[in-house]
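So this one's input-v7.cif, mmCIF, C-alpha atoms:
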```cif
data_protein
#
loop_
_atom_site.label_atom_id
_atom_site.label_comp_id
_atom_site.auth_asym_id
_atom_site.auth_seq_id
_atom_site.Cartn_x
_atom_site.Cartn_y
_atom_site.Cartn_z
CA MET A 1 0.00 0.00 0.00
CA THR A 2 2.85 2.34 0.85
CA LYS A 3 4.54 1.66 -2.48
CA LEU A 4 1.31 2.40 -4.33
CA SER A 5 0.83 5.73 -2.55
CA GLU A 6 4.46 6.67 -3.25
CA THR A 7 3.99 5.77 -6.91
CA ALA A 8 0.79 7.84 -7.12
CA ALA A 9 2.50 10.83 -5.50
CA GLY A 10 5.49 10.49 -7.82
CA THR A 11 3.25 10.30 -10.89
CA THR A 12 1.34 13.43 -9.82
CA LEU A 13 4.54 15.39 -9.26
CA ALA A 14 5.87 14.30 -12.64
CA GLN A 15 2.63 15.38 -14.33
CA GLU A 16 2.69 18.77 -12.60
CA ASP A 17 6.33 19.28 -13.56
CA LYS A 18 5.53 18.45 -17.18
CA LEU A 19 2.59 20.87 -17.08
CA HIS A 20 4.84 23.69 -15.85
CA LYS A 21 7.31 23.08 -18.65
CA ASP A 22 4.59 22.84 -21.30
CA LEU A 23 3.01 26.09 -20.09
CA LEU A 24 6.28 28.01 -20.38
CA ILE A 25 6.94 26.63 -23.85
CA PHE A 26 3.35 27.53 -24.74
CA ALA A 27 3.87 31.12 -23.49
CA CYS A 28 7.20 31.34 -25.30
CA ALA A 29 5.58 30.32 -28.59
CA PHE A 30 2.72 32.80 -28.15
CA MET A 31 5.10 35.64 -27.38
CA ASN A 32 7.27 34.90 -30.40
CA LEU A 33 4.23 34.94 -32.66
CA ALA A 34 3.19 38.28 -31.19
CA VAL A 35 6.74 39.60 -31.61
CA VAL A 36 6.63 38.83 -35.34
CA LEU A 37 3.47 40.93 -35.64
CA TRP A 38 4.92 43.82 -33.65
CA LEU A 39 8.16 43.65 -35.58
CA ALA A 40 6.30 44.02 -38.88
CA ILE A 41 4.07 46.84 -37.61
CA TYR A 42 6.93 48.88 -36.13
CA TRP A 43 8.98 48.43 -39.28
CA VAL A 44 6.12 49.61 -41.51
CA MET A 45 5.58 52.63 -39.25
CA GLY A 46 9.24 53.55 -39.52
CA LEU A 47 10.09 52.85 -35.89
CA HIS A 48 13.24 51.02 -36.85
CA PHE A 49 14.96 51.24 -33.47
CA SER A 50 11.88 49.98 -31.68
CA ALA A 51 11.61 47.19 -34.26
CA ASN A 52 15.06 45.97 -33.36
CA ILE A 53 14.00 45.26 -29.78
CA PRO A 54 11.42 42.56 -30.71
CA LEU A 55 14.00 41.09 -33.10
CA ILE A 56 16.59 40.83 -30.32
CA TYR A 57 13.92 39.39 -28.03
CA GLN A 58 13.06 36.74 -30.57
CA LEU A 59 16.68 35.72 -31.08
CA ILE A 60 17.32 35.36 -27.34
CA SER A 61 14.01 33.59 -26.76
CA VAL A 62 14.46 31.05 -29.56
CA THR A 63 18.08 30.44 -28.53
CA SER A 64 17.06 29.70 -24.93
CA LEU A 65 14.33 27.35 -26.16
CA VAL A 66 16.75 25.42 -28.36
CA HIS A 67 19.23 25.25 -25.49
CA TYR A 68 16.53 23.84 -23.20
CA LEU A 69 15.42 21.21 -25.72
CA LYS A 70 19.01 20.02 -26.00
CA THR A 71 20.10 20.20 -22.36
CA LYS A 72 16.76 19.86 -20.52
CA LYS A 73 17.93 22.55 -18.09
CA PHE A 74 14.54 24.03 -17.30
CA GLU A 75 15.73 26.47 -14.63
CA ILE A 76 17.90 28.39 -17.11
CA PHE A 77 15.13 28.42 -19.72
CA ARG A 78 12.59 29.64 -17.14
CA PHE A 79 14.83 32.45 -15.88
CA VAL A 80 15.60 33.70 -19.42
CA GLN A 81 11.95 33.65 -20.51
CA LEU A 82 10.62 35.37 -17.38
CA SER A 83 13.35 38.01 -17.67
CA LEU A 84 12.43 38.65 -21.31
CA PHE A 85 8.74 38.86 -20.40
CA LEU A 86 9.55 41.42 -17.69
CA PHE A 87 12.15 43.76 -19.20
CA VAL A 88 11.55 43.82 -22.97
CA PRO A 89 8.09 45.50 -22.82
CA PHE A 90 9.50 48.32 -20.66
CA VAL A 91 12.49 48.77 -22.99
CA MET A 92 10.13 48.94 -25.96
CA GLN A 93 7.96 51.50 -24.17
CA TRP A 94 10.95 53.70 -23.33
CA SER A 95 12.20 53.50 -26.94
CA ILE A 96 8.86 54.76 -28.22
CA GLY A 97 8.09 57.32 -25.53
CA SER A 98 5.62 57.25 -22.67
CA SER A 99 3.06 54.64 -21.68
CA VAL A 100 0.52 56.55 -23.76
CA THR A 101 2.59 56.84 -26.93
CA SER A 102 3.60 53.15 -26.62
CA SER A 103 -0.06 52.20 -26.17
CA GLY A 104 0.62 50.61 -22.81
CA VAL A 105 3.04 48.02 -24.19
CA MET A 106 4.40 47.58 -20.67
CA LEU A 107 1.25 45.58 -19.94
CA TRP A 108 3.04 42.65 -21.58
CA ALA A 109 5.45 42.59 -18.62
CA LEU A 110 2.61 41.33 -16.42
CA LEU A 111 3.17 37.96 -18.08
CA SER A 112 6.39 37.62 -16.06
CA PRO A 113 4.96 37.42 -12.49
CA ILE A 114 1.88 35.54 -13.68
CA GLY A 115 4.04 33.12 -15.63
CA ALA A 116 6.21 32.60 -12.53
CA LEU A 117 3.06 32.01 -10.49
CA VAL A 118 1.87 29.30 -12.87
CA VAL A 119 5.13 27.51 -13.67
CA SER A 120 7.04 27.96 -10.38
CA GLY A 121 4.59 28.56 -7.55
CA TRP A 122 3.44 31.53 -5.50
CA LYS A 123 6.64 31.89 -3.47
CA GLU A 124 8.86 32.01 -6.54
CA SER A 125 6.50 34.51 -8.22
CA VAL A 126 6.83 37.15 -5.46
CA PRO A 127 10.24 38.56 -6.58
CA TRP A 128 9.02 38.79 -10.17
CA PHE A 129 5.87 40.61 -9.12
CA ILE A 130 7.87 43.07 -6.99
CA ALA A 131 10.19 43.66 -9.95
CA TYR A 132 7.16 44.29 -12.19
CA ILE A 133 5.71 46.83 -9.73
CA MET A 134 9.06 48.63 -9.39
CA MET A 135 9.49 48.81 -13.17
CA THR A 136 5.96 50.15 -13.51
CA VAL A 137 6.61 52.83 -10.86
CA VAL A 138 9.90 53.83 -12.53
CA SER A 139 8.18 53.95 -15.91
CA GLY A 140 5.40 56.11 -14.50
CA PHE A 141 7.97 58.46 -13.00
CA PHE A 142 9.72 58.80 -16.38
CA ASP A 143 6.40 59.33 -18.14
CA TYR A 144 6.09 62.65 -16.40
CA TYR A 145 9.15 63.94 -18.28
CA LEU A 146 8.67 62.18 -21.64
CA ALA A 147 7.08 63.67 -24.69
CA SER A 148 3.38 63.44 -25.51
CA GLY A 149 1.96 61.26 -28.21
CA GLY A 150 2.10 63.97 -30.89
CA GLU A 151 5.81 64.59 -30.30
CA SER A 152 6.67 60.94 -30.83
CA GLY A 153 5.45 60.95 -34.44
CA VAL A 154 2.60 58.54 -33.68
CA SER A 155 -0.95 59.74 -34.20
CA MET A 156 -3.52 59.50 -31.46
CA LYS A 157 -5.60 57.21 -33.69
CA SER A 158 -2.67 54.82 -33.98
CA ILE A 159 -2.06 55.06 -30.26
CA GLY A 160 -5.70 54.17 -29.59
CA PHE A 161 -5.53 51.26 -32.00
CA PHE A 162 -2.36 49.94 -30.41
CA PHE A 163 -3.92 50.22 -26.97
CA ALA A 164 -6.73 47.97 -28.11
CA LEU A 165 -4.32 45.63 -29.86
CA ASN A 166 -2.02 45.36 -26.85
CA PHE A 167 -4.87 44.70 -24.45
CA ALA A 168 -6.52 42.19 -26.79
CA ALA A 169 -3.29 40.29 -27.50
CA MET A 170 -2.13 40.27 -23.90
CA SER A 171 -5.56 39.27 -22.60
CA SER A 172 -5.72 36.45 -25.16
CA ILE A 173 -2.36 35.08 -24.17
CA MET A 174 -3.22 35.28 -20.48
CA TYR A 175 -6.58 33.63 -21.06
CA PHE A 176 -5.19 30.75 -23.11
CA LEU A 177 -2.36 30.18 -20.66
CA VAL A 178 -4.73 30.05 -17.70
CA ARG A 179 -7.22 27.96 -19.68
CA TYR A 180 -4.53 25.47 -20.64
CA PHE A 181 -3.40 25.34 -17.03
CA VAL A 182 -6.95 24.72 -15.76
CA VAL A 183 -7.66 22.02 -18.38
CA GLU A 184 -4.45 20.18 -17.63
CA MET A 185 -4.99 20.46 -13.90
CA ASP A 186 -8.45 18.96 -14.37
CA LYS A 187 -6.86 16.04 -16.19
CA ILE A 188 -4.33 15.59 -13.41
CA ARG A 189 -7.13 15.79 -10.84
CA VAL A 190 -9.08 13.07 -12.66
CA GLN A 191 -5.99 10.86 -12.79
CA LEU A 192 -5.33 11.61 -9.13
CA ASP A 193 -8.89 10.59 -8.24
CA GLN A 194 -8.40 7.34 -10.14
CA GLN A 195 -5.16 6.72 -8.29
CA HIS A 196 -6.91 7.46 -5.00
CA GLN A 197 -9.58 4.91 -5.90
CA LEU A 198 -6.90 2.33 -6.66
CA LEU A 199 -5.20 3.24 -3.41
CA ALA A 200 -8.48 2.85 -1.52
CA GLU A 201 -9.03 -0.55 -3.12
CA GLU A 202 -5.52 -1.64 -2.18
CA GLN A 203 -6.12 -0.36 1.34
CA LYS A 204 -9.29 -2.44 1.56
CA LYS A 205 -7.37 -5.48 0.36
CA SER A 206 -4.68 -4.84 2.95
CA GLU A 207 -7.33 -4.48 5.65
CA ARG A 208 -8.94 -7.74 4.57
CA VAL A 209 -5.56 -9.48 4.77
CA LEU A 210 -4.94 -7.91 8.18
CA LEU A 211 -8.36 -9.00 9.42
CA SER A 212 -7.70 -12.53 8.17
CA VAL A 213 -4.76 -12.91 10.56
CA LEU A 214 -5.79 -10.61 13.41
CA PRO A 215 -9.01 -10.01 15.36
CA SER A 216 -10.78 -6.85 14.21
CA SER A 217 -10.14 -4.94 17.45
CA ILE A 218 -6.43 -5.80 17.35
CA ALA A 219 -6.19 -4.88 13.66
CA GLN A 220 -7.71 -1.48 14.42
CA ARG A 221 -5.24 -0.88 17.24
CA LEU A 222 -2.40 -1.85 14.94
CA LYS A 223 -3.64 0.59 12.27
CA ASP A 224 -3.76 3.32 14.91
CA HIS A 225 0.02 2.95 15.25
CA GLN A 226 0.01 1.72 18.81
CA GLY A 227 3.20 0.20 20.16
CA LEU A 228 3.45 -3.20 21.77
CA ILE A 229 0.05 -4.92 21.88
CA ALA A 230 -0.30 -7.27 24.86
CA ASP A 231 -3.46 -7.94 26.85
CA GLY A 232 -4.36 -10.14 29.78
CA HIS A 233 -7.73 -11.89 29.64
CA ALA A 234 -9.02 -13.32 32.90
CA ASP A 235 -11.40 -15.78 31.29
CA VAL A 236 -11.55 -17.15 27.75
CA THR A 237 -12.27 -20.51 26.17
CA VAL A 238 -9.56 -21.97 23.94
CA MET A 239 -9.98 -24.84 21.51
CA PHE A 240 -7.52 -26.83 19.43
CA ALA A 241 -8.81 -29.08 16.64
CA ASP A 242 -6.38 -31.45 14.96
CA LEU A 243 -6.94 -33.69 11.95
CA VAL A 244 -6.43 -37.39 12.69
CA ASN A 245 -3.79 -39.28 10.66
CA PHE A 246 -3.60 -36.45 8.14
CA THR A 247 0.14 -36.95 7.63
CA GLN A 248 -0.40 -40.52 6.41
CA LEU A 249 -3.23 -39.33 4.16
CA THR A 250 -1.07 -36.70 2.48
CA GLU A 251 1.41 -39.35 1.35
CA SER A 252 -1.11 -40.47 -1.24
CA LEU A 253 -2.00 -36.93 -2.37
CA SER A 254 -0.28 -34.50 -4.69
CA PRO A 255 0.75 -31.12 -3.21
CA GLU A 256 -2.17 -29.44 -4.98
CA GLN A 257 -4.64 -31.99 -3.60
CA MET A 258 -3.26 -31.69 -0.08
CA VAL A 259 -3.41 -27.87 -0.05
CA GLY A 260 -6.86 -27.94 -1.66
CA LEU A 261 -8.08 -30.36 0.98
CA LEU A 262 -6.75 -28.23 3.85
CA ASN A 263 -8.23 -25.13 2.23
CA THR A 264 -11.67 -26.75 2.09
CA ILE A 265 -11.47 -27.82 5.74
CA PHE A 266 -10.09 -24.60 7.19
CA SER A 267 -12.33 -22.40 5.02
CA GLY A 268 -15.29 -24.27 6.49
CA PHE A 269 -13.89 -23.74 9.98
CA ASP A 270 -13.44 -20.02 9.23
CA GLN A 271 -17.11 -19.79 8.31
CA LEU A 272 -18.02 -21.43 11.59
CA CYS A 273 -15.89 -18.84 13.41
CA GLU A 274 -17.95 -16.13 11.75
CA LYS A 275 -21.15 -17.96 12.59
CA TYR A 276 -20.37 -18.26 16.30
CA GLY A 277 -18.57 -14.95 16.70
CA VAL A 278 -15.30 -16.40 17.97
CA GLU A 279 -11.74 -15.59 16.91
CA LYS A 280 -9.50 -17.81 14.83
CA ILE A 281 -5.98 -17.51 16.17
CA LYS A 282 -3.91 -19.58 13.77
CA THR A 283 -3.40 -22.84 11.93
CA ILE A 284 -0.40 -24.99 12.76
CA GLY A 285 0.08 -27.58 10.05
CA ASP A 286 -3.19 -29.50 10.15
CA ALA A 287 -4.25 -28.07 13.54
CA TYR A 288 -6.71 -25.22 14.04
CA MET A 289 -6.78 -22.90 17.07
CA VAL A 290 -9.76 -20.76 18.05
CA VAL A 291 -10.73 -18.72 21.12
CA GLY A 292 -13.92 -17.27 22.51
CA GLY A 293 -14.15 -14.46 25.06
CA LEU A 294 -11.82 -11.86 23.54
CA ASN A 295 -14.90 -9.90 22.55
CA ARG A 296 -16.33 -8.48 25.75
CA ASP A 297 -19.79 -8.14 24.22
CA ASN A 298 -20.26 -11.90 23.96
CA THR A 299 -20.72 -13.58 27.35
CA ASN A 300 -21.83 -16.98 26.03
CA TYR A 301 -18.52 -17.80 24.38
CA THR A 302 -17.96 -21.17 26.08
CA ASN A 303 -21.22 -22.50 24.62
CA ASP A 304 -20.26 -21.03 21.26
CA ILE A 305 -16.94 -22.89 21.30
CA ALA A 306 -18.69 -26.13 22.26
CA ASP A 307 -21.27 -25.71 19.49
CA MET A 308 -18.50 -24.99 17.01
CA ALA A 309 -16.48 -28.05 18.08
CA LEU A 310 -19.46 -30.33 17.50
CA GLU A 311 -20.25 -28.73 14.16
CA MET A 312 -16.61 -28.95 13.06
CA ARG A 313 -16.65 -32.67 13.76
CA GLU A 314 -19.81 -33.05 11.73
CA PHE A 315 -18.41 -30.87 8.93
CA VAL A 316 -15.34 -33.02 8.24
CA THR A 317 -17.31 -36.29 8.32
CA LYS A 318 -20.29 -35.22 6.19
CA HIS A 319 -18.95 -32.67 3.71
CA PRO A 320 -19.27 -34.19 0.20
CA ASP A 321 -15.72 -33.22 -0.78
CA LEU A 322 -14.25 -34.67 2.43
CA SER A 323 -16.29 -37.78 3.25
CA ARG A 324 -14.44 -39.97 0.71
CA PHE A 325 -11.17 -39.29 2.54
CA LYS A 326 -12.68 -40.51 5.84
CA ILE A 327 -11.18 -37.57 7.71
CA ASP A 328 -11.77 -37.13 11.42
CA ILE A 329 -10.69 -34.62 14.04
CA HIS A 330 -9.99 -34.64 17.75
CA SER A 331 -10.42 -31.50 19.81
CA GLY A 332 -9.50 -30.11 23.20
CA ILE A 333 -11.22 -27.23 25.01
CA ALA A 334 -10.05 -25.39 28.11
CA THR A 335 -11.29 -22.29 29.91
CA GLY A 336 -9.26 -19.83 31.99
CA PRO A 337 -6.89 -16.86 31.84
CA VAL A 338 -4.51 -16.17 28.93
CA VAL A 339 -2.13 -13.51 27.72
CA ALA A 340 -2.75 -12.32 24.16
CA GLY A 341 -0.56 -10.17 21.97
CA VAL A 342 0.95 -9.37 18.59
CA ILE A 343 4.51 -10.38 17.80
CA GLY A 344 6.59 -9.66 14.72
CA THR A 345 7.23 -6.55 12.64
CA LYS A 346 6.88 -7.68 9.02
CA ARG A 347 4.63 -10.71 9.41
CA PHE A 348 2.30 -10.08 12.31
CA ILE A 349 1.21 -13.01 14.44
CA TYR A 350 -1.51 -12.75 17.06
CA ASP A 351 -1.11 -15.53 19.61
CA LEU A 352 -2.15 -16.68 23.06
CA TRP A 353 0.02 -17.87 25.92
CA GLY A 354 -0.72 -19.37 29.29
CA ASP A 355 -1.72 -22.51 31.15
CA THR A 356 -5.18 -22.53 29.52
CA VAL A 357 -3.60 -22.80 26.07
CA ASN A 358 -1.33 -25.63 27.20
CA VAL A 359 -4.23 -27.57 28.71
CA ALA A 360 -6.35 -27.24 25.55
CA SER A 361 -3.43 -28.44 23.45
CA ARG A 362 -2.77 -31.40 25.77
CA LEU A 363 -6.44 -32.39 25.80
CA THR A 364 -6.34 -32.47 22.01
CA ASP A 365 -3.28 -34.69 21.96
CA GLU A 366 -4.89 -37.15 24.39
CA ALA A 367 -8.20 -37.33 22.48
CA ALA A 368 -9.01 -40.13 20.06
CA GLY A 369 -10.48 -39.52 16.62
CA GLY A 370 -13.91 -37.89 16.76
CA VAL A 371 -13.55 -37.06 20.46
CA ILE A 372 -13.95 -33.61 22.03
CA GLN A 373 -12.34 -33.34 25.45
CA VAL A 374 -12.88 -30.43 27.85
CA ASP A 375 -11.36 -29.46 31.17
CA LYS A 376 -13.27 -29.26 34.44
CA THR A 377 -13.85 -25.48 34.25
CA THR A 378 -15.45 -25.80 30.84
CA PHE A 379 -17.53 -28.79 31.97
CA ASN A 380 -18.88 -26.99 35.03
CA ARG A 381 -19.92 -24.03 32.89
CA ILE A 382 -21.86 -25.92 30.20
CA ARG A 383 -22.68 -29.32 31.74
CA ASN A 384 -26.42 -28.56 31.88
CA ASP A 385 -26.54 -27.78 28.18
CA TYR A 386 -24.64 -30.70 26.65
CA ALA A 387 -24.21 -34.43 26.96
CA PHE A 388 -20.94 -35.69 28.45
CA GLU A 389 -19.38 -39.04 29.17
CA PRO A 390 -18.30 -39.79 32.73
CA PRO A 391 -15.06 -38.02 33.77
CA ALA A 392 -11.67 -39.55 33.17
CA THR A 393 -8.20 -38.75 34.41
CA ILE A 394 -5.25 -37.91 32.16
CA ASN A 395 -1.69 -36.93 32.88
CA VAL A 396 -0.89 -33.39 31.67
CA LYS A 397 2.71 -32.37 31.28
CA GLY A 398 3.63 -29.80 33.91
CA LYS A 399 0.34 -30.26 35.78
CA GLY A 400 0.21 -33.95 36.62
CA GLU A 401 -3.11 -35.75 36.72
CA MET A 402 -6.13 -33.82 35.54
CA ILE A 403 -9.82 -34.65 35.21
CA MET A 404 -11.33 -34.25 31.75
CA TYR A 405 -14.75 -34.80 30.20
CA ARG A 406 -15.81 -35.91 26.74
CA LEU A 407 -18.41 -33.74 25.04
CA THR A 408 -20.71 -35.95 22.98
CA ALA A 409 -23.82 -34.14 21.73
CA LEU A 410 -25.40 -30.82 20.75
CA PRO A 411 -28.20 -29.47 22.93
CA ALA A 412 -30.78 -30.26 20.23
CA LYS A 413 -29.64 -33.88 20.19
CA ILE A 414 -29.93 -34.09 23.97
CA VAL A 415 -33.54 -32.92 23.77
CA GLN A 416 -34.19 -35.41 20.97
CA PHE A 417 -32.58 -38.21 23.00
CA GLU A 418 -34.61 -37.32 26.10
CA ALA A 419 -37.82 -37.18 24.05
CA THR A 420 -37.04 -40.61 22.54
CA SER A 421 -36.27 -42.05 25.97
CA SER A 422 -39.56 -40.71 27.33
CA SER A 423 -41.47 -42.28 24.46
CA LEU A 424 -39.78 -45.64 25.06
CA ASN A 425 -40.63 -45.47 28.75
CA VAL A 426 -44.26 -44.77 27.90
CA ILE A 427 -44.35 -47.75 25.51
CA ARG A 428 -42.70 -50.00 28.07
CA SER A 429 -45.07 -48.96 30.83
CA GLY A 430 -47.99 -49.52 28.46
#
```

Go through the file and emit its structure as structure tokens.
Amino acid sequence: MTKLSETAAGTTLAQEDKLHKDLLIFACAFMNLAVVLWLAIYWVMGLHFSANIPLIYQLISVTSLVHYLKTKKFEIFRFVQLSLFLFVPFVMQWSIGSSVTSSGVMLWALLSPIGALVVSGWKESVPWFIAYIMMTVVSGFFDYYLASGGESGVSMKSIGFFFALNFAAMSSIMYFLVRYFVVEMDKIRVQLDQQHQLLAEEQKKSERVLLSVLPSSIAQRLKDHQGLIADGHADVTVMFADLVNFTQLTESLSPEQMVGLLNTIFSGFDQLCEKYGVEKIKTIGDAYMVVGGLNRDNTNYTNDIADMALEMREFVTKHPDLSRFKIDIHSGIATGPVVAGVIGTKRFIYDLWGDTVNVASRLTDEAAGGVIQVDKTTFNRIRNDYAFEPPATINVKGKGEMIMYRLTALPAKIVQFEATSSSLNVIRSG
């Protein structure tokens, strides 16, 4: 996700940089076309000295453009163009006379700070704008001492026409530059929106992956950039479910068949986790670990784990894609305190530690195929809701002898069994 956001940001910056360069080339081309017109007009009017200024401008401008196309040194090209935009109109005005006799040709210099604003940014445009204001003030001061329009040899009609021409040409260039900028920015914005959508989709995928390995509350804490995540839970119910003789079965299967078989089994178990609102912790080879009670809103988690254990057993024996393999599972359930936390930095693992986990694991190891064994705490909590075999004693590593109980039936089956027994008693008594 990070790489995608970095790529999107890099693409946007590259597009903006290209837009800045295209805009300056666009302005350069417009100005050179206008210079050709002014050069011809001044020459026809006999203002030969003033006509030389646009010619010199054009030579410098075209030279800087060629130099940029060869060297790709945009900073030099930008400085030369903005300088030409700023100073040449004032030089032309002073060569003709005042701002009136030159028909306000200094207006063209406004392209310099505006061009800097568009192609460089507002901070870089400030010095150019200050320079433009200072040149305008200096020009206005000189206007007070310069000759009037009649003394310059240019008629007032021509001056009026050139005023209109200057304003029209300059306004056109400014409009098309800004329009081009807005259109291209709209394109960049559309592309940026598309990249944001892709980024959002990738973020959703990442969140789904995160939620597949971590409980939702832990995933949210991890996204909130918390540090070490470690919690103590005073009471949870832990279950291990292990496939019986799966190693021997895999010897007759191809790798694809084995992985496909495990995927079918564990995907079914994942759906049961969703159904009962418990948390899958991990898979270890062909073993499956799940816990109930991490979610404080659910207080009936021990029953949920028991229901899930019975349904898991039924799932592997009756699923049409699994029944031909004659797969069975044995399970162990224990209830008590645990410590839960996230370990790892690149590949996160959410795990549980504590005596309760060890007991559940040991109960699984001691169970035969198709058997669900629970510890005494679990039995005492749900014994009125399920059918159990008489207690037995097993030896648990690190704890010595321990009493365990075998869970045999769902509550619905208990009711059905009791109803059947009652019917038989009635028949016998009859």

Find the residues near A:Leu363: any atom within 9 Å, counting all atoms listed in the file, skip ones fewer than 4 places away on the same chain, and give them as a PDB file with C-alpha atoms, in the frame of the given file.
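Written file, part13.pdb:
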```pdb
ATOM      1  CA  PHE A 240      -7.520 -26.830  19.430  1.00  0.00           C
ATOM      2  CA  SER A 331     -10.420 -31.500  19.810  1.00  0.00           C
ATOM      3  CA  GLY A 332      -9.500 -30.110  23.200  1.00  0.00           C
ATOM      4  CA  ILE A 333     -11.220 -27.230  25.010  1.00  0.00           C
ATOM      5  CA  ALA A 334     -10.050 -25.390  28.110  1.00  0.00           C
ATOM      6  CA  ASN A 358      -1.330 -25.630  27.200  1.00  0.00           C
ATOM      7  CA  VAL A 359      -4.230 -27.570  28.710  1.00  0.00           C
ATOM      8  CA  ALA A 367      -8.200 -37.330  22.480  1.00  0.00           C
ATOM      9  CA  ILE A 372     -13.950 -33.610  22.030  1.00  0.00           C
ATOM     10  CA  GLN A 373     -12.340 -33.340  25.450  1.00  0.00           C
ATOM     11  CA  VAL A 374     -12.880 -30.430  27.850  1.00  0.00           C
ATOM     12  CA  ASP A 375     -11.360 -29.460  31.170  1.00  0.00           C
ATOM     13  CA  ILE A 394      -5.250 -37.910  32.160  1.00  0.00           C
ATOM     14  CA  VAL A 396      -0.890 -33.390  31.670  1.00  0.00           C
ATOM     15  CA  MET A 404     -11.330 -34.250  31.750  1.00  0.00           C
TER      16      MET A 404
END
```

(message) With distances taken over all atoms listed in the file, which residue among A:Asp304, A:Asp365, A:Asp17, A:Asp297 lies nearest A:Phe181?
(response) A:Asp17

(request) Work out how far apart atom CA of A:Met312 and atom CA of A:Lys280 are and give it in Å to one decimal. (result) 13.3 Å

(message) I want to know what sits within 12 Å of A:Ile76, based on all atoms listed in the file, with residues of the same chain fewer than 3 positions away left out; could you give that as a list in words?
(response)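 Once the adjacent positions are removed, what remains is Lys21, Ser61, Thr63, Ser64, Leu65, Val66, His67, Tyr68, Leu69, Thr71, Lys72, Lys73, Phe79, Val80, Gln81, Leu82 and Ser83 of chain A.
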
(message) As a check of understanding, name the residues that the PyMOL selection byres ((chain A and resi 408) around 9) selects in the supplied structure, as JSON, numbers by chain.
(response) {"A": [310, 371, 372, 386, 387, 388, 389, 406, 407, 409, 410]}

(request) Report as a PyMOL selection string the residues that result from applying the PyMOL selection byres ((chain A and resi 255-261) around 12) to the structure here. (result) chain A and resi 243+246-254+262-268+285-286+316+319-325+327

(message) To one decimal place in Å, what is the distance between atom CA of A:Phe90 and atom CA of A:Met174?
(response)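 So the answer is 18.2 Å.
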
(request) Would you mind reading off the distance between atom CA of A:Gln203 and atom CA of A:Leu294, one decimal, in Å? (result)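 If I compute the distance from atom CA of A:Gln203 to atom CA of A:Leu294, I get 25.6 Å.
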
(message) Can you translate the PyMOL selection byres ((chain A and resi 128-145) around 10) into the concrete residues it hits in this file, as an MDAnalysis selection string?
(response) chainID A and resid 82:83 85:87 90:91 93:94 97:101 106:107 109:117 123:127 146:148

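Across A:Cys28, A:Leu59, A:Val183, A:Ile188, the tightest approach to A:Ala14 is made by A:Ile188 when counting all atoms listed in the file.
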
(request) For A:Asp355, work out the shell of residues within 12 Å, counting all atoms listed in the file and skipping chain neighbours fewer than 3 positions away, then give it as a list in words. (result) Ala234, Asp235, Val236, Thr237, Val238, Ala334, Thr335, Gly336, Pro337, Val338, Val339, Leu352, Asn358, Val359, Ala360, Ser361, Arg362, Asp375, Val396, Lys397, Gly398 and Lys399 of chain A

(request) Identify which of the residues A:Gly104, A:Pro54, A:Gly400, A:Gly341 lies closest to A:Asn32, counting all atoms listed in the file when measuring atom-to-atom distances. (result)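 Residue with the minimum atom-to-atom distance to A:Asn32: A:Pro54.
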
What are the centre and edge lengths in Å, to one decimal, of the axis-aligned box around all listed atoms of stretch 191-206 of chain A with 6 Å added on each side, as JSON?
```
{"center_x": -7.1, "center_y": 3.1, "center_z": -4.9, "size_x": 16.9, "size_y": 29.1, "size_z": 27.7}
```

(request) Name the closest residue to A:Ile60 among the candidates A:Val88, A:Asp186, A:Leu19, A:Met239; distances are taken between atoms, counting all atoms listed in the file. (result) A:Val88

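Residue nearest A:Trp108, chosen from A:Tyr405, A:Phe30, A:Tyr288, A:Phe269 and counting only C-alpha atoms: A:Phe30.
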